[in-house]
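Raw my_file-v2.tsv, TSV, C-alpha atoms:
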```tsv
chain	number	residue	atom	x	y	z
A	1	LEU	CA	-4.38	-24.43	34.69
A	2	LEU	CA	-2.04	-21.78	36.03
A	3	GLY	CA	-4.28	-18.79	35.37
A	4	SER	CA	-1.21	-17.10	33.92
A	5	ILE	CA	-0.68	-14.99	30.80
A	6	ARG	CA	2.71	-16.64	30.53
A	7	SER	CA	2.60	-20.10	28.96
A	8	SER	CA	2.71	-23.03	31.35
A	9	GLU	CA	5.79	-24.32	29.51
A	10	VAL	CA	7.77	-21.14	30.27
A	11	PHE	CA	6.55	-21.09	33.87
A	12	LEU	CA	7.45	-24.73	34.51
A	13	ARG	CA	10.96	-24.21	33.14
A	14	MET	CA	11.45	-21.60	35.86
A	15	VAL	CA	9.56	-23.09	38.80
A	16	SER	CA	8.56	-26.49	40.17
A	17	ILE	CA	5.43	-27.04	42.25
A	18	VAL	CA	6.29	-29.36	45.14
A	19	ASP	CA	4.50	-30.80	48.15
A	20	GLY	CA	6.00	-29.80	51.48
A	21	PRO	CA	5.21	-29.66	55.20
A	22	PHE	CA	2.99	-26.59	54.68
A	23	GLY	CA	1.24	-27.80	51.54
A	24	ARG	CA	2.28	-27.01	48.00
A	25	SER	CA	5.07	-24.53	47.41
A	26	LEU	CA	7.12	-23.11	44.55
A	27	VAL	CA	10.78	-24.00	44.07
A	28	ALA	CA	13.19	-22.56	41.51
A	29	ALA	CA	13.67	-25.05	38.66
A	30	ARG	CA	16.77	-23.13	37.52
A	31	ASN	CA	18.84	-20.23	38.79
A	32	LEU	CA	16.59	-17.18	38.88
A	33	GLN	CA	18.07	-13.71	38.56
A	34	GLU	CA	17.06	-10.53	40.37
A	35	GLY	CA	14.24	-8.73	38.58
A	36	GLU	CA	13.00	-11.73	36.59
A	37	LEU	CA	9.25	-12.12	36.18
A	38	ILE	CA	8.28	-15.54	37.53
A	39	LEU	CA	4.53	-15.44	37.18
A	40	LYS	CA	1.71	-13.28	35.89
A	41	GLU	CA	-1.69	-14.51	37.01
A	42	SER	CA	-5.35	-13.55	37.07
A	43	PRO	CA	-7.40	-14.19	40.24
A	44	CYS	CA	-9.73	-17.15	40.53
A	45	VAL	CA	-11.80	-15.16	43.06
A	46	ARG	CA	-11.81	-11.39	43.49
A	47	LEU	CA	-14.07	-9.57	45.96
A	48	LEU	CA	-14.33	-5.79	45.70
A	49	ASP	CA	-14.52	-3.66	48.83
A	50	ARG	CA	-17.13	-1.41	47.19
A	51	ASP	CA	-19.42	-4.39	46.50
A	52	ALA	CA	-19.23	-5.42	50.16
A	53	MET	CA	-19.97	-1.85	51.21
A	54	ASP	CA	-22.98	-1.74	48.85
A	55	ILE	CA	-24.43	-4.84	50.53
A	56	GLN	CA	-23.88	-3.28	53.93
A	57	MET	CA	-25.54	-0.01	52.92
A	58	CYS	CA	-28.52	-1.67	51.21
A	59	SER	CA	-29.19	-3.87	54.22
A	60	LEU	CA	-29.00	-0.90	56.53
A	61	VAL	CA	-31.50	1.05	54.40
A	62	LEU	CA	-33.91	-1.73	53.43
A	63	GLU	CA	-33.75	-4.07	56.41
A	64	GLU	CA	-32.67	-1.59	59.07
A	65	ARG	CA	-30.05	-4.10	60.19
A	66	GLU	CA	-26.34	-3.54	60.24
A	67	VAL	CA	-24.55	-6.13	58.13
A	68	LEU	CA	-20.94	-6.64	59.20
A	69	ARG	CA	-18.08	-6.89	56.73
A	70	TYR	CA	-17.74	-10.68	56.84
A	71	GLU	CA	-21.45	-11.18	56.28
A	72	ALA	CA	-21.09	-9.08	53.13
A	73	LEU	CA	-18.04	-11.08	52.04
A	74	ALA	CA	-19.94	-14.33	52.64
A	75	SER	CA	-22.80	-13.09	50.46
A	76	LEU	CA	-20.35	-12.14	47.70
A	77	LEU	CA	-18.68	-15.57	47.82
A	78	ILE	CA	-22.09	-17.18	47.34
A	79	GLU	CA	-23.11	-14.81	44.52
A	80	ARG	CA	-19.81	-15.22	42.64
A	81	ALA	CA	-19.74	-19.03	43.02
A	82	GLY	CA	-16.69	-18.60	45.19
A	83	LEU	CA	-17.57	-21.33	47.68
A	84	SER	CA	-16.56	-24.17	45.36
A	85	VAL	CA	-13.31	-22.40	44.46
A	86	THR	CA	-12.28	-21.76	48.08
A	87	GLU	CA	-12.58	-25.48	48.87
A	88	GLN	CA	-9.13	-26.00	47.29
A	89	PHE	CA	-7.54	-23.54	49.72
A	90	CYS	CA	-6.54	-24.40	53.27
A	91	GLU	CA	-7.57	-22.40	56.30
A	92	GLY	CA	-5.30	-21.06	59.01
A	93	ASP	CA	-5.15	-22.28	62.60
A	94	THR	CA	-8.33	-20.96	64.20
A	95	SER	CA	-6.67	-20.90	67.61
A	96	LEU	CA	-4.20	-18.28	66.35
A	97	PHE	CA	-6.56	-15.80	64.73
A	98	GLU	CA	-7.36	-12.64	66.67
A	99	PRO	CA	-10.38	-13.61	68.87
A	100	LYS	CA	-12.60	-10.74	67.71
A	101	LEU	CA	-11.87	-11.60	64.07
A	102	MET	CA	-12.83	-15.25	64.67
A	103	GLN	CA	-16.05	-14.18	66.38
A	104	GLU	CA	-16.98	-11.99	63.41
A	105	ILE	CA	-16.25	-14.77	60.90
A	106	GLU	CA	-18.18	-17.39	62.87
A	107	ALA	CA	-21.14	-15.03	63.35
A	108	ALA	CA	-21.17	-14.24	59.63
A	109	ALA	CA	-21.19	-17.92	58.64
A	110	ARG	CA	-23.99	-18.61	61.09
A	111	GLN	CA	-26.13	-15.63	60.01
A	112	VAL	CA	-25.77	-15.99	56.25
A	113	SER	CA	-26.31	-19.78	56.32
A	114	THR	CA	-29.70	-19.19	57.98
A	115	GLU	CA	-30.64	-16.79	55.19
A	116	VAL	CA	-29.52	-19.02	52.31
A	117	ALA	CA	-31.00	-22.49	52.73
A	118	ALA	CA	-28.71	-24.16	50.18
A	119	VAL	CA	-25.55	-23.14	52.04
A	120	ASP	CA	-24.14	-25.15	54.92
A	121	GLU	CA	-22.72	-23.16	57.84
A	122	ARG	CA	-19.57	-25.29	58.01
A	123	GLN	CA	-18.91	-24.86	54.29
A	124	LEU	CA	-19.36	-21.12	54.56
A	125	LEU	CA	-17.13	-20.92	57.63
A	126	HIS	CA	-14.37	-22.76	55.77
A	127	ALA	CA	-14.76	-20.42	52.77
A	128	LEU	CA	-14.41	-17.32	54.93
A	129	LEU	CA	-11.43	-18.73	56.84
A	130	ALA	CA	-9.75	-19.85	53.61
A	131	PHE	CA	-10.27	-16.41	52.09
A	132	GLN	CA	-8.90	-14.72	55.22
A	133	SER	CA	-5.89	-17.06	55.29
A	134	ASN	CA	-4.95	-16.87	51.61
A	135	ALA	CA	-6.32	-13.73	49.96
A	136	TRP	CA	-3.93	-11.11	48.64
A	137	ARG	CA	-4.93	-7.50	49.22
A	138	GLY	CA	-4.93	-5.19	46.24
A	139	SER	CA	-6.22	-1.64	45.93
A	140	GLY	CA	-9.86	-1.96	46.96
A	141	TYR	CA	-10.14	-5.74	46.75
A	142	GLY	CA	-9.07	-9.11	48.11
A	143	ALA	CA	-8.23	-11.95	45.70
A	144	LEU	CA	-7.30	-15.63	45.57
A	145	TYR	CA	-4.82	-16.99	43.01
A	146	THR	CA	-4.45	-20.65	42.08
A	147	THR	CA	-0.65	-20.52	41.84
A	148	LEU	CA	0.46	-17.37	43.67
A	149	CYS	CA	-1.29	-18.56	46.85
A	150	MET	CA	1.07	-21.55	46.90
A	151	VAL	CA	4.02	-19.25	47.65
A	152	ASN	CA	4.90	-19.43	51.34
A	153	HIS	CA	5.74	-16.51	53.61
A	154	SER	CA	9.15	-15.48	54.87
A	155	CYS	CA	10.11	-12.40	56.85
A	156	ALA	CA	13.21	-12.32	54.60
A	157	PRO	CA	11.58	-12.96	51.19
A	158	ASN	CA	13.49	-13.62	47.97
A	159	ALA	CA	10.56	-12.56	45.76
A	160	TRP	CA	7.95	-9.81	45.72
A	161	THR	CA	4.50	-9.27	44.26
A	162	LEU	CA	2.81	-6.50	42.32
A	163	LEU	CA	-1.00	-6.38	42.08
A	164	ASP	CA	-2.70	-3.97	39.69
A	165	GLU	CA	-6.13	-2.35	40.02
A	166	HIS	CA	-7.77	-5.15	38.00
A	167	GLY	CA	-6.40	-7.95	40.17
A	168	GLN	CA	-3.63	-9.03	37.81
A	169	ALA	CA	-0.74	-10.29	39.96
A	170	GLN	CA	2.94	-10.47	39.07
A	171	LEU	CA	5.64	-12.29	41.00
A	172	PHE	CA	9.23	-11.03	40.64
A	173	VAL	CA	12.62	-12.23	41.88
A	174	LYS	CA	13.82	-9.89	44.64
A	175	HIS	CA	17.36	-11.22	44.65
A	176	ASP	CA	19.05	-14.17	42.94
A	177	ILE	CA	17.46	-17.53	43.81
A	178	PRO	CA	19.58	-20.67	43.27
A	179	GLU	CA	18.07	-23.68	41.55
A	180	GLY	CA	16.27	-25.91	44.07
A	181	SER	CA	15.59	-23.10	46.56
A	182	GLU	CA	12.06	-22.34	47.65
A	183	ILE	CA	10.50	-19.06	46.56
A	184	PHE	CA	9.19	-16.90	49.42
A	185	VAL	CA	7.25	-13.66	49.65
A	186	SER	CA	6.15	-11.56	52.60
A	187	TYR	CA	2.42	-11.69	53.33
A	188	LEU	CA	2.64	-8.44	55.27
A	189	PRO	CA	1.64	-5.29	53.36
A	190	ALA	CA	4.53	-2.99	52.47
A	191	GLY	CA	3.81	-0.58	55.32
A	192	GLN	CA	3.73	-3.35	57.89
A	193	GLN	CA	6.90	-4.93	56.47
A	194	GLN	CA	8.76	-1.71	57.14
A	195	ALA	CA	7.21	-1.19	60.58
A	196	ALA	CA	7.36	-4.78	61.82
A	197	VAL	CA	11.11	-5.02	62.38
A	198	ASP	CA	10.50	-6.69	65.73
A	199	ARG	CA	10.08	-10.46	65.51
A	200	THR	CA	7.36	-10.55	68.18
A	201	LEU	CA	5.29	-7.96	66.33
A	202	ARG	CA	5.71	-9.73	62.96
A	203	GLN	CA	4.65	-13.06	64.41
A	204	LYS	CA	1.67	-11.46	66.16
A	205	LEU	CA	0.43	-9.86	62.93
A	206	LEU	CA	0.84	-13.08	60.96
A	207	ALA	CA	-0.82	-15.28	63.57
A	208	GLU	CA	-3.78	-12.99	64.20
A	209	ASN	CA	-4.52	-12.21	60.55
A	210	TRP	CA	-3.33	-15.26	58.58
A	211	GLY	CA	-3.57	-17.96	61.24
A	212	PHE	CA	-0.03	-19.37	61.31
A	213	ALA	CA	3.02	-19.17	63.54
A	214	CYS	CA	5.96	-17.98	61.46
A	215	GLY	CA	9.02	-20.20	61.68
A	216	CYS	CA	10.97	-18.74	58.77
A	217	GLN	CA	14.77	-18.63	58.78
A	218	ARG	CA	14.87	-14.99	59.85
A	219	CYS	CA	12.57	-15.61	62.82
A	220	LEU	CA	14.54	-18.68	63.88
A	221	GLN	CA	17.84	-16.81	63.71
A	222	GLU	CA	16.45	-13.86	65.68
A	223	ASP	CA	15.00	-16.29	68.21
A	224	LEU	CA	18.41	-17.91	68.72
A	225	ALA	CA	20.12	-14.53	68.93
A	226	SER	CA	17.76	-13.41	71.71
```
Target encoding structure tokens, full file:
Amino acid sequence: LLGSIRSSEVFLRMVSIVDGPFGRSLVAARNLQEGELILKESPCVRLLDRDAMDIQMCSLVLEEREVLRYEALASLLIERAGLSVTEQFCEGDTSLFEPKLMQEIEAAARQVSTEVAAVDERQLLHALLAFQSNAWRGSGYGALYTTLCMVNHSCAPNAWTLLDEHGQAQLFVKHDIPEGSEIFVSYLPAGQQQAAVDRTLRQKLLAENWGFACGCQRCLQEDLAS
């Protein structure tokens, strides 16, 4: 159920899954101490960058047509039976995504759905948007996780993630989390976390790439201070 190496009993003694204004989230079921391992989970969908590049190269050689990245990702989702899995994930606000990114995703859904008769364009569009909105980026891949993807973003996170080369994800306590407090991570890659000290830049990156307007405590406090 949890896709975790840790037993569900141990996990559920540490964390509760609750429904909130932004969907499901994780809340500390007891006081969690800095450095504790909360979750270790395998991906339910993992798409390798090299596989997408292979599709792009083969199409260029055999069909003499350039296949864009999101067309390749759409093909991989179909091949790996990822469409049914992505249905459980929500998509970001399409009005917030970077316009060029939205155009590429919409064009990919349209193109690939004409090539694969059994696939509906709307279903494929949702799958691509859900993957864009929820996937974690590892070294050379993007992946969806049944439980880890429930963790909401904060620009002042109390937890952090570690993804290995095989897609195995671990969630650790960054600093002590009191019982009943929600667990947050930063969706921004480490380099962008360090660079995006400006609230406007952080919110721009999150909106254009994940499709949501950040209203975390740090952003609200900085907004009031300005």
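Using only C-alpha atoms for every distance, the candidate list A:Ala156, A:Ala127, A:Ala118, A:Met102 yields A:Ala127 as the residue closest to Ala74 (chain A).
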Using only C-alpha atoms, determine which residues lie at most 9 Å from Ser139 (chain A), disregarding the query and same-chain residues fewer than 5 positions distant; provide the list as a PDB file with C-alpha atoms, keeping the file's coordinate frame.
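File produced: part.pdb:
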```pdb
ATOM      1  CA  LEU A 163      -1.000  -6.380  42.080  1.00  0.00           C
ATOM      2  CA  ASP A 164      -2.700  -3.970  39.690  1.00  0.00           C
ATOM      3  CA  GLU A 165      -6.130  -2.350  40.020  1.00  0.00           C
ATOM      4  CA  HIS A 166      -7.770  -5.150  38.000  1.00  0.00           C
ATOM      5  CA  GLY A 167      -6.400  -7.950  40.170  1.00  0.00           C
TER       6      GLY A 167
END
```
- Selection near Ser181 (chain A), 12 Å with all atoms listed in the file, sequence-local residues under 3 positions removed, as a VMD selection string: chain A and resid 14 to 18 25 to 32 157 to 159 176 to 178 184
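One finds CA of Glu222 (chain A) at 21.1 Å from CA of Leu96 (chain A).
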- Task: Name all residues at most 12 Å from Leu144 (chain A) (count all atoms listed in the file; drop same-chain ones fewer than 6 positions away) and give them as number ranges by chain.
- Result: A: 3, 41-47, 77, 82-83, 85-90, 127-128, 130-138, 150, 163, 167-169
